[in-house]
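Structure, as structure tokens:
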Amino acid sequence: MALQTLDIQRRSATTTPSPGVRQTTEVAKLIDISKCIGCKACQTACMEWNDIRDEVGSNAGTYDNPRDLTENSWTVMRYSEVEVEQGKLEWLIRKDGCMHCADPGCLKACPSPGAIIQHGNGIVDFQQANCIGCGYCIAGCPFNVPRISRKDNKAYKCTLCSDRVGVGMEPACVKTCPTGAIVFGSKTDMIQHAEARIVDLKERGYAKAGLYDPQGVGGTHVMYVLQHADQPELYHGLPRDPAISPMVSLWKGVTKPLMSLGLGLVALAGFFHYVTVGPNEVGDEEEEV
Amino acid sequence: MAKSSSVLIKRYTASDRLNHWTVAITFMLLALSGLALFHPAFFFLTHLFGGGPWTRILHPFAGVLLFAGFVGMMLRFWKLNRITDDDRQWLRQVGDVIRNREDRLPPVGHYNAGQKYLFWTMVVCIPLLLLTGVLVWRPYFAPLMPIFAVRLAVLLHAVAAFVIIAGIVVHIYAAIWVQGSVRAMTRGTVTRAWAKQHHPAWYREITK
Ligand code: HEM
Ligand code: SF4
């Protein structure tokens, strides 16, 4: 549906519900690693569409360039050379970037109202105008994705092209991919599409092929088809069971409302002590001395 | 209050007071700017500092000032805050303290046990707040720290801030509750009667 991304499902640092009557379709981007040839067209399309240009870095002996995600590189191709079977070299190329978690740690950690939002369709989007540059999103993210710009102290990451999706287009990386390794649609359709691909891969000898849609973060709106789904770490350290760190959950969970309440009660206890027991004044005969 | 100076006793020098109020003012700035980021209910406090980004920028610098000031207070008041057996007894009788029945308590010296334990709470919390605060300080230090350290630090920072803010709320209330205390830190003096009633052991010591 056109403009469906304007619906906001969740907002950082907001304790009342966001508008939620409209039922919009959950979207997903599916990245089929077995079809990726590592051409980086998607990386380039991302730069073009979003008007971001990274510095020309230096070669570190791999094809990874830039070497990491930055505020100017919201997606980076990761090249891993692995031998899953002795003597059979495999080149696993993973398109790294925001996974658009259903339960986003960044949004949970963010202290600034509306600096991070989750659209009705599942896209997690940073609203830089509300960002204060504290970096809490970085602590919250289980995938090490958000980056803060040195130029403006605002956090940036992949938007899943929310501006394109909002007007019925696919993300720029999907549009440009020459092999069809990246597809985009409703999450249910993408899961179905993945299932067909997994059957195909299994027939071709990848017995452990599978879908990466980690449930620890409630599932993601960017999913991978992996040839070796039993070993996600092979793909440049893709986490096996990503979840919001327990330290972040503790910090942002019940502790804060409890501590806020505690402070209020301490102040109130003082006030009630004053109006019941009363102040401790110097006794009359003592004042005489 | 028209009292002759003969009934007044010196409790804090001008330099003590200057030190105390530097720490108190920076503490207020820190508590207000910190709470602003602590829970959405307090986010409106960012308006006091010129918005969210300014709140985030100013807070850690105020923290460094507070720490510097607190080192001064620590050196000044360390010796006066040694915990004694009388202090432990005082704490056991905290019910009498709350009901204003001071006559039943062991004689209090320069500080009572409540004041002393607050001092030691600050001695633990302020360096901890500095350390954990620096670990999450952007853009200068946090990017250099491992993510595990940042997550732990931000949690400890919030807990330490809660403890110290609750402690200071009690501290401020105690100053109002025990009438005649505020002038000790604003004018530097207290009345003889105040000293005799609230800090009898200290009173005996300085008048003997
Ligand atoms: C002693 C030096 C201190 C330093 C270097 C420091 C630094 C920081 C930093 C870097 C942050 C993250 C937000 C930001 O970048 O502004 C923060 C948050 C915070 N600070 Fe401090 N701080 C210090 C002391 C204090 C003190 C004394 C208090 C309490 C009165 C306090 C209360 C808080 C609170 C409540 C938060 C929000 C934590 C959260 O969101 O859970 N800080 N501090
Ligand atoms: S991958 Fe990280 S940045 Fe993206 S939604 Fe999940 S927690 Fe947020």
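Residue numbers start at 1 in each chain; chains themselves are named A, B, ... in the order of the structure tokens; ligands are numbered from 1 in the order shown.
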
Requested in this report: Any chance you could list, as a PyMOL selection string, the residues in range 14-206 of chain B that come up helix (DSSP H, G or I) when DSSP is run on the backbone?
Outcome: chain B and resi 14-38+40-49+52-77+79-81+85-92+94-98+102-104+113-135+142-144+147-177+182-186+192-198+200-206

Requested in this report: Do me a favour and pick out the residues of chain A within 7 Å of chain B, using only C-alpha atoms, as a ChimeraX atom specification.
Outcome: /A:13-14,111,132-134,139,247-248,251,256,259,263,266-267,270,274,277,279-282,286-287,289

Write the selection just made, keeping N, CA and C atoms, as a short mmCIF file (atom, residue, chain, number, x, y, z; two decimals), in the first residue's frame?
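Output below, filename part.cif:
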```cif
data_model
loop_
_atom_site.label_atom_id
_atom_site.label_comp_id
_atom_site.auth_asym_id
_atom_site.auth_seq_id
_atom_site.Cartn_x
_atom_site.Cartn_y
_atom_site.Cartn_z
N ALA A 13 11.86 6.00 23.44
CA ALA A 13 11.59 6.85 24.62
C ALA A 13 10.18 7.39 24.64
N THR A 14 9.23 6.54 24.31
CA THR A 14 7.83 6.94 24.31
C THR A 14 7.06 5.86 25.06
N PRO A 111 17.37 7.15 24.32
CA PRO A 111 16.71 7.98 25.33
C PRO A 111 15.93 9.16 24.76
N ILE A 132 20.38 12.80 19.66
CA ILE A 132 21.22 13.65 20.49
C ILE A 132 22.68 13.20 20.51
N GLY A 133 22.97 12.08 19.85
CA GLY A 133 24.37 11.65 19.71
C GLY A 133 24.95 10.94 20.92
N CYS A 134 24.09 10.34 21.76
CA CYS A 134 24.57 9.69 22.99
C CYS A 134 25.20 8.33 22.73
N ALA A 139 25.06 0.60 21.91
CA ALA A 139 25.07 -0.37 23.01
C ALA A 139 23.90 -1.34 22.87
N MET A 247 22.41 -7.13 29.72
CA MET A 247 22.78 -5.90 30.44
C MET A 247 21.92 -4.73 29.96
N VAL A 248 21.63 -4.71 28.65
CA VAL A 248 20.80 -3.64 28.10
C VAL A 248 19.36 -3.81 28.56
N TRP A 251 19.21 -2.69 32.12
CA TRP A 251 19.37 -1.23 32.19
C TRP A 251 18.10 -0.53 31.75
N LYS A 256 14.51 1.03 35.39
CA LYS A 256 14.34 2.49 35.30
C LYS A 256 13.03 2.99 35.88
N MET A 259 13.44 2.67 39.61
CA MET A 259 14.33 3.67 40.21
C MET A 259 13.67 5.05 40.20
N LEU A 263 12.91 7.26 43.56
CA LEU A 263 13.30 8.64 43.83
C LEU A 263 12.09 9.46 44.26
N VAL A 266 11.21 8.57 47.87
CA VAL A 266 12.15 9.13 48.86
C VAL A 266 11.78 10.59 49.13
N ALA A 267 11.53 11.35 48.05
CA ALA A 267 11.18 12.76 48.22
C ALA A 267 9.86 12.89 48.97
N GLY A 270 10.15 12.25 52.70
CA GLY A 270 10.66 13.44 53.39
C GLY A 270 9.54 14.41 53.69
N TYR A 274 7.99 15.55 57.40
CA TYR A 274 7.95 16.94 57.86
C TYR A 274 6.57 17.31 58.38
N VAL A 277 5.89 14.10 61.71
CA VAL A 277 6.81 14.20 62.85
C VAL A 277 7.22 15.66 63.08
N PRO A 279 9.76 19.22 62.07
CA PRO A 279 11.19 19.53 62.09
C PRO A 279 11.80 19.27 63.46
N ASN A 280 13.08 19.05 63.44
CA ASN A 280 13.84 18.87 64.68
C ASN A 280 14.39 20.23 65.08
N GLU A 281 13.71 20.88 66.06
CA GLU A 281 14.13 22.22 66.46
C GLU A 281 14.92 22.17 67.75
N VAL A 282 15.68 23.22 67.97
CA VAL A 282 16.48 23.28 69.19
C VAL A 282 15.54 23.58 70.35
N GLU A 286 17.59 24.83 75.88
CA GLU A 286 18.92 24.77 75.28
C GLU A 286 19.27 26.13 74.67
N GLU A 287 18.24 26.78 74.09
CA GLU A 287 18.43 28.06 73.43
C GLU A 287 18.86 29.13 74.45
N VAL A 289 20.97 28.97 76.89
CA VAL A 289 22.38 28.95 77.30
C VAL A 289 23.22 30.05 76.66
#
```

Requested in this report: Write out as an MDAnalysis selection string the residues lying within 12 Å of Asp16 in chain B, counting only C-alpha atoms and excluding same-chain residues fewer than 6 positions away.
Outcome: chainID B and resid 10 22:23 69:70 72:77 184:189

Those residues with all heavy atoms, as a short mmCIF file (atom, residue, chain, number, x, y, z; two decimals), in the first residue's frame please?
```cif
data_model
loop_
_atom_site.label_atom_id
_atom_site.label_comp_id
_atom_site.auth_asym_id
_atom_site.auth_seq_id
_atom_site.Cartn_x
_atom_site.Cartn_y
_atom_site.Cartn_z
N LYS B 10 31.79 28.51 64.95
CA LYS B 10 32.25 28.29 63.57
C LYS B 10 32.16 26.80 63.25
O LYS B 10 32.65 25.97 64.02
CB LYS B 10 33.70 28.75 63.48
CG LYS B 10 34.22 28.80 62.09
CD LYS B 10 34.19 30.22 61.56
CE LYS B 10 34.44 30.28 60.08
NZ LYS B 10 33.75 31.43 59.47
N THR B 22 30.29 24.44 45.17
CA THR B 22 30.73 24.10 43.80
C THR B 22 30.24 22.69 43.48
O THR B 22 29.68 22.42 42.41
CB THR B 22 32.27 24.11 43.68
OG1 THR B 22 32.76 25.24 44.35
CG2 THR B 22 32.72 24.10 42.26
N VAL B 23 30.46 21.79 44.44
CA VAL B 23 30.02 20.41 44.24
C VAL B 23 28.50 20.35 44.15
O VAL B 23 27.95 19.67 43.29
CB VAL B 23 30.58 19.50 45.37
CG1 VAL B 23 29.93 18.13 45.33
CG2 VAL B 23 32.09 19.39 45.24
N GLY B 69 35.89 18.86 42.27
CA GLY B 69 35.43 19.48 43.51
C GLY B 69 35.32 18.46 44.63
O GLY B 69 35.68 18.72 45.78
N PHE B 70 34.86 17.29 44.29
CA PHE B 70 34.63 16.29 45.33
C PHE B 70 35.95 15.77 45.91
O PHE B 70 36.02 15.45 47.09
CB PHE B 70 33.78 15.12 44.81
CG PHE B 70 33.44 14.15 45.90
CD1 PHE B 70 32.54 14.51 46.90
CD2 PHE B 70 34.04 12.91 45.96
CE1 PHE B 70 32.25 13.64 47.94
CE2 PHE B 70 33.76 12.03 47.00
CZ PHE B 70 32.86 12.39 47.99
N GLY B 72 38.42 17.56 46.56
CA GLY B 72 38.69 18.55 47.61
C GLY B 72 37.91 18.24 48.88
O GLY B 72 38.47 18.22 49.98
N MET B 73 36.62 17.95 48.72
CA MET B 73 35.80 17.67 49.91
C MET B 73 36.25 16.40 50.61
O MET B 73 36.24 16.30 51.83
CB MET B 73 34.33 17.52 49.51
CG MET B 73 33.70 18.85 49.17
SD MET B 73 31.93 18.69 48.94
CE MET B 73 31.34 18.71 50.62
N MET B 74 36.66 15.43 49.80
CA MET B 74 37.11 14.16 50.35
C MET B 74 38.32 14.40 51.26
O MET B 74 38.37 13.90 52.38
CB MET B 74 37.50 13.24 49.20
CG MET B 74 37.01 11.85 49.34
SD MET B 74 36.85 10.99 47.77
CE MET B 74 38.48 11.02 47.10
N LEU B 75 39.28 15.19 50.76
CA LEU B 75 40.49 15.44 51.54
C LEU B 75 40.15 16.21 52.82
O LEU B 75 40.67 15.94 53.88
CB LEU B 75 41.50 16.23 50.70
CG LEU B 75 42.02 15.47 49.47
CD1 LEU B 75 42.94 16.36 48.64
CD2 LEU B 75 42.74 14.19 49.88
N ARG B 76 39.24 17.18 52.70
CA ARG B 76 38.87 17.98 53.86
C ARG B 76 38.19 17.17 54.95
O ARG B 76 38.44 17.36 56.14
CB ARG B 76 37.83 19.02 53.44
CG ARG B 76 38.36 20.31 52.95
CD ARG B 76 37.21 21.05 52.26
NE ARG B 76 37.75 21.75 51.12
CZ ARG B 76 38.24 22.98 51.22
NH1 ARG B 76 38.22 23.63 52.35
NH2 ARG B 76 38.75 23.56 50.16
N PHE B 77 37.25 16.32 54.55
CA PHE B 77 36.33 15.74 55.54
C PHE B 77 36.55 14.25 55.81
O PHE B 77 35.81 13.65 56.57
CB PHE B 77 34.87 15.98 55.08
CG PHE B 77 34.55 17.44 54.94
CD1 PHE B 77 34.02 17.94 53.75
CD2 PHE B 77 34.78 18.32 55.98
CE1 PHE B 77 33.73 19.30 53.60
CE2 PHE B 77 34.49 19.68 55.86
CZ PHE B 77 33.96 20.17 54.66
N ALA B 184 24.91 26.63 58.59
CA ALA B 184 26.27 26.10 58.73
C ALA B 184 26.99 26.18 57.39
O ALA B 184 28.17 26.52 57.32
CB ALA B 184 26.23 24.66 59.22
N MET B 185 26.27 25.89 56.30
CA MET B 185 26.88 25.90 54.97
C MET B 185 26.71 27.24 54.24
O MET B 185 27.39 27.49 53.25
CB MET B 185 26.29 24.79 54.11
CG MET B 185 27.18 23.59 53.86
SD MET B 185 28.90 23.89 53.62
CE MET B 185 29.55 22.31 54.15
N THR B 186 25.78 28.10 54.71
CA THR B 186 25.64 29.39 54.03
C THR B 186 26.45 30.46 54.75
O THR B 186 27.11 31.29 54.14
CB THR B 186 24.17 29.82 53.94
OG1 THR B 186 23.58 29.74 55.23
CG2 THR B 186 23.41 28.93 52.98
N ARG B 187 26.43 30.46 56.10
CA ARG B 187 27.14 31.48 56.86
C ARG B 187 28.41 30.93 57.50
O ARG B 187 29.26 31.70 57.95
CB ARG B 187 26.23 32.03 57.95
CG ARG B 187 24.83 32.44 57.46
CD ARG B 187 24.90 33.67 56.58
NE ARG B 187 25.55 34.77 57.27
CZ ARG B 187 24.95 35.55 58.17
NH1 ARG B 187 23.70 35.38 58.43
NH2 ARG B 187 25.63 36.52 58.77
N GLY B 188 28.47 29.62 57.65
CA GLY B 188 29.65 29.02 58.26
C GLY B 188 29.52 28.81 59.76
O GLY B 188 30.38 28.19 60.38
N THR B 189 28.43 29.32 60.35
CA THR B 189 28.28 29.22 61.80
C THR B 189 26.97 28.54 62.18
O THR B 189 26.01 28.55 61.42
CB THR B 189 28.29 30.61 62.45
OG1 THR B 189 27.32 31.43 61.80
CG2 THR B 189 29.66 31.25 62.37
#
```

Report task. Enumerate the residues of range 131-270 of chain A with a DSSP assignment of strand (DSSP E or B), computed from the backbone, and present them as a VMD selection string. Result -> chain A and resid 147 to 148 155 to 156 182 to 186 210 to 212 220 222 to 226

Convert the current residue selection to file output with N, CA, C and O atoms, as a PDB file, in the first residue's frame.
```
ATOM      1  N   ARG A 147      26.148   3.732  13.414  1.00  0.00           N
ATOM      2  CA  ARG A 147      27.407   4.477  13.465  1.00  0.00           C
ATOM      3  C   ARG A 147      27.094   5.954  13.679  1.00  0.00           C
ATOM      4  O   ARG A 147      26.159   6.479  13.071  1.00  0.00           O
ATOM      5  N   ILE A 148      27.888   6.615  14.509  1.00  0.00           N
ATOM      6  CA  ILE A 148      27.671   8.044  14.755  1.00  0.00           C
ATOM      7  C   ILE A 148      28.666   8.846  13.926  1.00  0.00           C
ATOM      8  O   ILE A 148      29.863   8.554  13.929  1.00  0.00           O
ATOM      9  N   ALA A 155      23.380   9.557  14.647  1.00  0.00           N
ATOM     10  CA  ALA A 155      23.520   8.141  14.299  1.00  0.00           C
ATOM     11  C   ALA A 155      22.888   7.859  12.942  1.00  0.00           C
ATOM     12  O   ALA A 155      21.838   8.417  12.602  1.00  0.00           O
ATOM     13  N   TYR A 156      23.557   6.998  12.166  1.00  0.00           N
ATOM     14  CA  TYR A 156      23.065   6.619  10.829  1.00  0.00           C
ATOM     15  C   TYR A 156      23.132   5.117  10.649  1.00  0.00           C
ATOM     16  O   TYR A 156      23.976   4.443  11.233  1.00  0.00           O
ATOM     17  N   ILE A 182      19.023 -10.349  -4.182  1.00  0.00           N
ATOM     18  CA  ILE A 182      18.262  -9.605  -3.171  1.00  0.00           C
ATOM     19  C   ILE A 182      16.847  -9.428  -3.699  1.00  0.00           C
ATOM     20  O   ILE A 182      16.646  -8.922  -4.807  1.00  0.00           O
ATOM     21  N   VAL A 183      15.883  -9.854  -2.919  1.00  0.00           N
ATOM     22  CA  VAL A 183      14.474  -9.673  -3.302  1.00  0.00           C
ATOM     23  C   VAL A 183      13.748  -9.007  -2.150  1.00  0.00           C
ATOM     24  O   VAL A 183      14.207  -9.010  -1.009  1.00  0.00           O
ATOM     25  N   PHE A 184      12.627  -8.411  -2.489  1.00  0.00           N
ATOM     26  CA  PHE A 184      11.897  -7.625  -1.499  1.00  0.00           C
ATOM     27  C   PHE A 184      10.403  -7.842  -1.674  1.00  0.00           C
ATOM     28  O   PHE A 184       9.905  -7.960  -2.801  1.00  0.00           O
ATOM     29  N   GLY A 185       9.658  -7.922  -0.572  1.00  0.00           N
ATOM     30  CA  GLY A 185       8.213  -8.068  -0.640  1.00  0.00           C
ATOM     31  C   GLY A 185       7.649  -8.220   0.754  1.00  0.00           C
ATOM     32  O   GLY A 185       8.301  -7.846   1.733  1.00  0.00           O
ATOM     33  N   SER A 186       6.471  -8.804   0.833  1.00  0.00           N
ATOM     34  CA  SER A 186       5.909  -9.012   2.164  1.00  0.00           C
ATOM     35  C   SER A 186       6.731 -10.095   2.856  1.00  0.00           C
ATOM     36  O   SER A 186       7.326 -10.951   2.199  1.00  0.00           O
ATOM     37  N   GLY A 210      19.510 -23.067   4.868  1.00  0.00           N
ATOM     38  CA  GLY A 210      18.367 -22.640   5.683  1.00  0.00           C
ATOM     39  C   GLY A 210      18.200 -21.134   5.693  1.00  0.00           C
ATOM     40  O   GLY A 210      18.997 -20.389   5.103  1.00  0.00           O
ATOM     41  N   LEU A 211      17.141 -20.709   6.367  1.00  0.00           N
ATOM     42  CA  LEU A 211      16.797 -19.293   6.437  1.00  0.00           C
ATOM     43  C   LEU A 211      17.318 -18.697   7.741  1.00  0.00           C
ATOM     44  O   LEU A 211      17.213 -19.319   8.796  1.00  0.00           O
ATOM     45  N   TYR A 212      17.851 -17.504   7.654  1.00  0.00           N
ATOM     46  CA  TYR A 212      18.301 -16.785   8.850  1.00  0.00           C
ATOM     47  C   TYR A 212      17.295 -15.691   9.162  1.00  0.00           C
ATOM     48  O   TYR A 212      17.205 -14.681   8.471  1.00  0.00           O
ATOM     49  N   THR A 220      13.616 -10.880  11.870  1.00  0.00           N
ATOM     50  CA  THR A 220      14.180  -9.655  11.291  1.00  0.00           C
ATOM     51  C   THR A 220      13.480  -9.346   9.966  1.00  0.00           C
ATOM     52  O   THR A 220      12.857 -10.222   9.370  1.00  0.00           O
ATOM     53  N   VAL A 222      15.246  -8.124   7.501  1.00  0.00           N
ATOM     54  CA  VAL A 222      16.245  -8.457   6.485  1.00  0.00           C
ATOM     55  C   VAL A 222      16.644  -9.882   6.823  1.00  0.00           C
ATOM     56  O   VAL A 222      17.042 -10.161   7.956  1.00  0.00           O
ATOM     57  N   MET A 223      16.452 -10.781   5.867  1.00  0.00           N
ATOM     58  CA  MET A 223      16.741 -12.201   6.157  1.00  0.00           C
ATOM     59  C   MET A 223      17.774 -12.705   5.148  1.00  0.00           C
ATOM     60  O   MET A 223      17.929 -12.129   4.070  1.00  0.00           O
ATOM     61  N   TYR A 224      18.471 -13.757   5.530  1.00  0.00           N
ATOM     62  CA  TYR A 224      19.445 -14.371   4.625  1.00  0.00           C
ATOM     63  C   TYR A 224      19.046 -15.803   4.303  1.00  0.00           C
ATOM     64  O   TYR A 224      18.536 -16.516   5.173  1.00  0.00           O
ATOM     65  N   VAL A 225      19.320 -16.228   3.068  1.00  0.00           N
ATOM     66  CA  VAL A 225      19.363 -17.656   2.769  1.00  0.00           C
ATOM     67  C   VAL A 225      20.830 -18.048   2.892  1.00  0.00           C
ATOM     68  O   VAL A 225      21.687 -17.464   2.226  1.00  0.00           O
ATOM     69  N   LEU A 226      21.128 -18.975   3.799  1.00  0.00           N
ATOM     70  CA  LEU A 226      22.507 -19.400   4.020  1.00  0.00           C
ATOM     71  C   LEU A 226      22.698 -20.825   3.516  1.00  0.00           C
ATOM     72  O   LEU A 226      21.857 -21.686   3.767  1.00  0.00           O
TER      73      LEU A 226
END
```

Report task. Find the residues around Trp90 in chain B up to 10 Å (only C-alpha atoms counted), leave out those fewer than 5 positions away in its own chain, and share them as number ranges by chain. Result -> B: 84-85, 95-97, 102, 104-108, 112-114

For those residues, write all heavy atoms to a file as an mmCIF file, in the first residue's frame.
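File produced: result03.cif:
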```
data_model
loop_
_atom_site.group_PDB
_atom_site.id
_atom_site.type_symbol
_atom_site.label_atom_id
_atom_site.label_comp_id
_atom_site.auth_asym_id
_atom_site.auth_seq_id
_atom_site.Cartn_x
_atom_site.Cartn_y
_atom_site.Cartn_z
ATOM 1 N N THR B 84 32.486 4.945 63.995
ATOM 2 C CA THR B 84 32.815 4.443 65.335
ATOM 3 C C THR B 84 31.694 3.513 65.817
ATOM 4 O O THR B 84 30.666 3.389 65.162
ATOM 5 C CB THR B 84 32.927 5.605 66.338
ATOM 6 O OG1 THR B 84 31.625 6.196 66.465
ATOM 7 C CG2 THR B 84 33.931 6.645 65.881
ATOM 8 N N ASP B 85 31.927 2.910 66.999
ATOM 9 C CA ASP B 85 30.895 2.034 67.572
ATOM 10 C C ASP B 85 29.634 2.825 67.880
ATOM 11 O O ASP B 85 28.524 2.321 67.717
ATOM 12 C CB ASP B 85 31.420 1.366 68.844
ATOM 13 C CG ASP B 85 32.381 0.227 68.507
ATOM 14 O OD1 ASP B 85 32.322 -0.247 67.340
ATOM 15 O OD2 ASP B 85 33.183 -0.166 69.362
ATOM 16 N N GLY B 95 15.159 4.616 64.468
ATOM 17 C CA GLY B 95 13.764 4.934 64.801
ATOM 18 C C GLY B 95 13.690 6.168 65.691
ATOM 19 O O GLY B 95 12.850 7.050 65.486
ATOM 20 N N ASP B 96 14.567 6.250 66.678
ATOM 21 C CA ASP B 96 14.600 7.432 67.547
ATOM 22 C C ASP B 96 15.012 8.672 66.764
ATOM 23 O O ASP B 96 14.530 9.771 67.026
ATOM 24 C CB ASP B 96 15.597 7.202 68.692
ATOM 25 C CG ASP B 96 15.056 6.205 69.711
ATOM 26 O OD1 ASP B 96 13.825 6.192 69.910
ATOM 27 O OD2 ASP B 96 15.859 5.439 70.289
ATOM 28 N N VAL B 97 15.931 8.477 65.820
ATOM 29 C CA VAL B 97 16.381 9.609 65.006
ATOM 30 C C VAL B 97 15.190 10.198 64.262
ATOM 31 O O VAL B 97 14.941 11.410 64.301
ATOM 32 C CB VAL B 97 17.461 9.163 63.993
ATOM 33 C CG1 VAL B 97 17.866 10.321 63.096
ATOM 34 C CG2 VAL B 97 18.659 8.565 64.700
ATOM 35 N N GLU B 102 16.395 12.714 70.089
ATOM 36 C CA GLU B 102 17.855 12.707 70.063
ATOM 37 C C GLU B 102 18.497 12.402 71.404
ATOM 38 O O GLU B 102 19.621 11.917 71.482
ATOM 39 C CB GLU B 102 18.360 14.080 69.595
ATOM 40 C CG GLU B 102 18.535 14.161 68.109
ATOM 41 C CD GLU B 102 18.819 15.581 67.709
ATOM 42 O OE1 GLU B 102 17.965 16.450 67.953
ATOM 43 O OE2 GLU B 102 19.900 15.821 67.174
ATOM 44 N N ARG B 104 17.969 10.148 73.379
ATOM 45 C CA ARG B 104 18.220 8.723 73.629
ATOM 46 C C ARG B 104 19.432 8.179 72.866
ATOM 47 O O ARG B 104 19.812 7.030 73.035
ATOM 48 C CB ARG B 104 17.008 7.890 73.196
ATOM 49 C CG ARG B 104 15.741 8.322 73.879
ATOM 50 C CD ARG B 104 14.645 7.335 73.567
ATOM 51 N NE ARG B 104 13.358 7.864 74.007
ATOM 52 C CZ ARG B 104 12.198 7.248 73.849
ATOM 53 N NH1 ARG B 104 12.177 6.084 73.235
ATOM 54 N NH2 ARG B 104 11.085 7.780 74.277
ATOM 55 N N LEU B 105 20.022 8.996 71.981
ATOM 56 C CA LEU B 105 21.090 8.508 71.104
ATOM 57 C C LEU B 105 22.448 8.663 71.762
ATOM 58 O O LEU B 105 22.632 9.509 72.640
ATOM 59 C CB LEU B 105 21.077 9.303 69.786
ATOM 60 C CG LEU B 105 19.794 9.208 68.962
ATOM 61 C CD1 LEU B 105 19.807 10.267 67.861
ATOM 62 C CD2 LEU B 105 19.662 7.819 68.369
ATOM 63 N N PRO B 106 23.397 7.823 71.340
ATOM 64 C CA PRO B 106 24.766 8.054 71.825
ATOM 65 C C PRO B 106 25.228 9.444 71.369
ATOM 66 O O PRO B 106 24.791 9.912 70.319
ATOM 67 C CB PRO B 106 25.576 6.943 71.157
ATOM 68 C CG PRO B 106 24.732 6.392 70.075
ATOM 69 C CD PRO B 106 23.310 6.713 70.405
ATOM 70 N N PRO B 107 26.093 10.108 72.157
ATOM 71 C CA PRO B 107 26.492 11.487 71.823
ATOM 72 C C PRO B 107 27.140 11.569 70.433
ATOM 73 O O PRO B 107 28.060 10.801 70.118
ATOM 74 C CB PRO B 107 27.481 11.863 72.917
ATOM 75 C CG PRO B 107 27.859 10.590 73.585
ATOM 76 C CD PRO B 107 26.747 9.633 73.379
ATOM 77 N N VAL B 108 26.649 12.481 69.632
ATOM 78 C CA VAL B 108 27.128 12.613 68.252
ATOM 79 C C VAL B 108 28.288 13.601 68.196
ATOM 80 O O VAL B 108 28.247 14.649 68.844
ATOM 81 C CB VAL B 108 25.965 13.088 67.355
ATOM 82 C CG1 VAL B 108 26.457 13.459 65.972
ATOM 83 C CG2 VAL B 108 24.891 12.010 67.275
ATOM 84 N N ASN B 112 26.995 12.942 62.436
ATOM 85 C CA ASN B 112 26.276 11.761 62.887
ATOM 86 C C ASN B 112 26.455 10.638 61.858
ATOM 87 O O ASN B 112 26.994 10.860 60.765
ATOM 88 C CB ASN B 112 24.797 12.076 63.162
ATOM 89 C CG ASN B 112 24.035 12.479 61.908
ATOM 90 O OD1 ASN B 112 24.217 11.887 60.848
ATOM 91 N ND2 ASN B 112 23.190 13.483 62.019
ATOM 92 N N ALA B 113 25.995 9.449 62.238
ATOM 93 C CA ALA B 113 26.248 8.287 61.384
ATOM 94 C C ALA B 113 25.596 8.445 60.012
ATOM 95 O O ALA B 113 26.155 8.010 58.997
ATOM 96 C CB ALA B 113 25.738 7.019 62.061
ATOM 97 N N GLY B 114 24.448 9.076 59.958
ATOM 98 C CA GLY B 114 23.770 9.288 58.683
ATOM 99 C C GLY B 114 24.640 10.109 57.748
ATOM 100 O O GLY B 114 24.827 9.766 56.575
#
```

Report summary line: Using only C-alpha atoms and all ligand atoms, the best pick from B:Val182, B:Leu8, B:Ala62, B:Val123 as closest to ligand 1 would be B:Ala62

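All residues of protein, DNA or RNA that reach within 6 Å of range 117-122 of chain A, judged by only C-alpha atoms and not counting those fewer than 2 positions away in the chain, are A:Thr5, A:Asp7, A:Ile8, A:Gln9, A:Arg10, A:Arg11, A:Thr24, A:Thr25, A:Glu26, A:Val27, A:Gly114, A:Val124, A:Asp125.
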
Requested in this report: Using only C-alpha atoms and all ligand atoms, find each protein or nucleic acid residue lying at most 6 Å from ligand 2; present the set as a count of residues only.
Outcome: 13

Requested in this report: Skip Ile37 in chain A itself and residues of its chain fewer than 3 positions away, then list as JSON, numbers by chain all residues within 10 Å of it, counting only C-alpha atoms.
Outcome: {"A": [33, 34, 40, 41, 91, 92, 93, 94, 177, 178, 179, 181]}

Requested in this report: Can you work out the spacing between CA of Gln127 in chain A and CA of His47 in chain B in Å, to one decimal?
Outcome: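 About the pair CA of Gln127 in chain A and CA of His47 in chain B: they are 19.3 Å apart.
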
**Report entry** Of the listed residues A:Lys108, A:Lys35, A:Lys202, A:Lys175, that which approaches ligand 1 most closely, counting only C-alpha atoms and all ligand atoms
**Finding:**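 Among A:Lys108, A:Lys35, A:Lys202, A:Lys175, it is A:Lys108 that comes nearest to ligand 1.
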
Query raised in the report: Expressed in Å to a single decimal, how great is the separation between CA of Met122 in chain B and CA of Met145 in chain B?
Result: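 Between these atoms lies a distance of 25.7 Å.
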